[in-house]
Amino acid sequence: GWLVKSSAAVPIQRKEDQEALTSTVDNTDAFKEISKALDKGYCLGIAPTGNSKMRTFVGGMKPGIALMALDAAFKHLDDSSFSITLVPCGLTYMHSCRWLAEALVIFGEPIEITPRFLRERGVTSDMASSRDAPRAQCLEELMQ
């Protein structure tokens, strides 16, 4: 709607939101827009995934944002000044059934992703695929 368009938000399709379970989800355009923003050094906020569990801690990182951040750092592998900082954030409504309930916002430790982070794990500029072993290792490390 108008709010999403006016805020420069990039909606992400989730498979569980599709009407037909057999339909495919294509976020190619969304990922391109996010990649452009990261390349320009913009700050991004990633909306919660809609998990309704009552938690007072930050859960694990989702692979989508980790892949986007790693891809952006890979595109700048020769630029030692390039850096992306991920700040995990959790949001818990204290009374989820009540309108305008108090919310608890929890921030995790910042995670810095730099070209150096990739190079220290054996990533080289000829590794175009995120499935190459060293790049996959970086993803696995971030997901822990």
# chains A, B, ... in the order shown; residues from 1 in each chain; ligands from 1

$ select_by_dssp --residues "range 88-121 of chain A" --states "helix (DSSP H, G or I)" --output "NGL selection string"
:A and (115-119)

$ write_last_selection --atoms "C-alpha atoms" --output "PDB file, in the first residue's frame"
ATOM      1  CA  PRO A 115      35.919  -7.758   3.137  1.00  0.00           C
ATOM      2  CA  ARG A 116      38.629  -8.715   5.653  1.00  0.00           C
ATOM      3  CA  PHE A 117      36.150 -11.067   7.385  1.00  0.00           C
ATOM      4  CA  LEU A 118      35.675 -12.827   4.022  1.00  0.00           C
ATOM      5  CA  ARG A 119      39.374 -12.895   3.059  1.00  0.00           C
TER       6      ARG A 119
END

$ residues_around --residues "Ser83 in chain A" --least-positions-apart "6" --cutoff "8 Å" --atoms "only C-alpha atoms" --output "MDAnalysis selection string"
chainID A and resid 73 112:115

$ closest_atom_pairs --of "range 65-111 of chain A" --to "range 132-135 of chain A" --cutoff "10 Å" --atoms "only C-alpha atoms" --output "tab-separated table"
residue	atom	partner	partner_atom	distance
A:Leu67	CA	A:Arg135	CA	9.5
A:Leu70	CA	A:Arg135	CA	8.1
A:Asp71	CA	A:Arg135	CA	9.2
A:Phe74	CA	A:Arg135	CA	9.0

$ closest_residue --among "A:Ala66, A:Cys89, A:Gly45, A:Ala72" --to "Gln137 in chain A" --atoms "only C-alpha atoms"
A:Ala66

$ atom_distance --atom1 "CA of Leu142 in chain A" --atom2 "CA of Leu86 in chain A"
10.3 Å

$ closest_residue --among "A:Pro11, A:Arg98, A:Glu16, A:Gly64" --to "Glu33 in chain A" --atoms "only C-alpha atoms"
A:Pro11

$ closest_residue --among "A:Ala128, A:Leu91, A:Ala37, A:Cys97" --to "Lys75 in chain A" --atoms "only C-alpha atoms"
A:Ala128
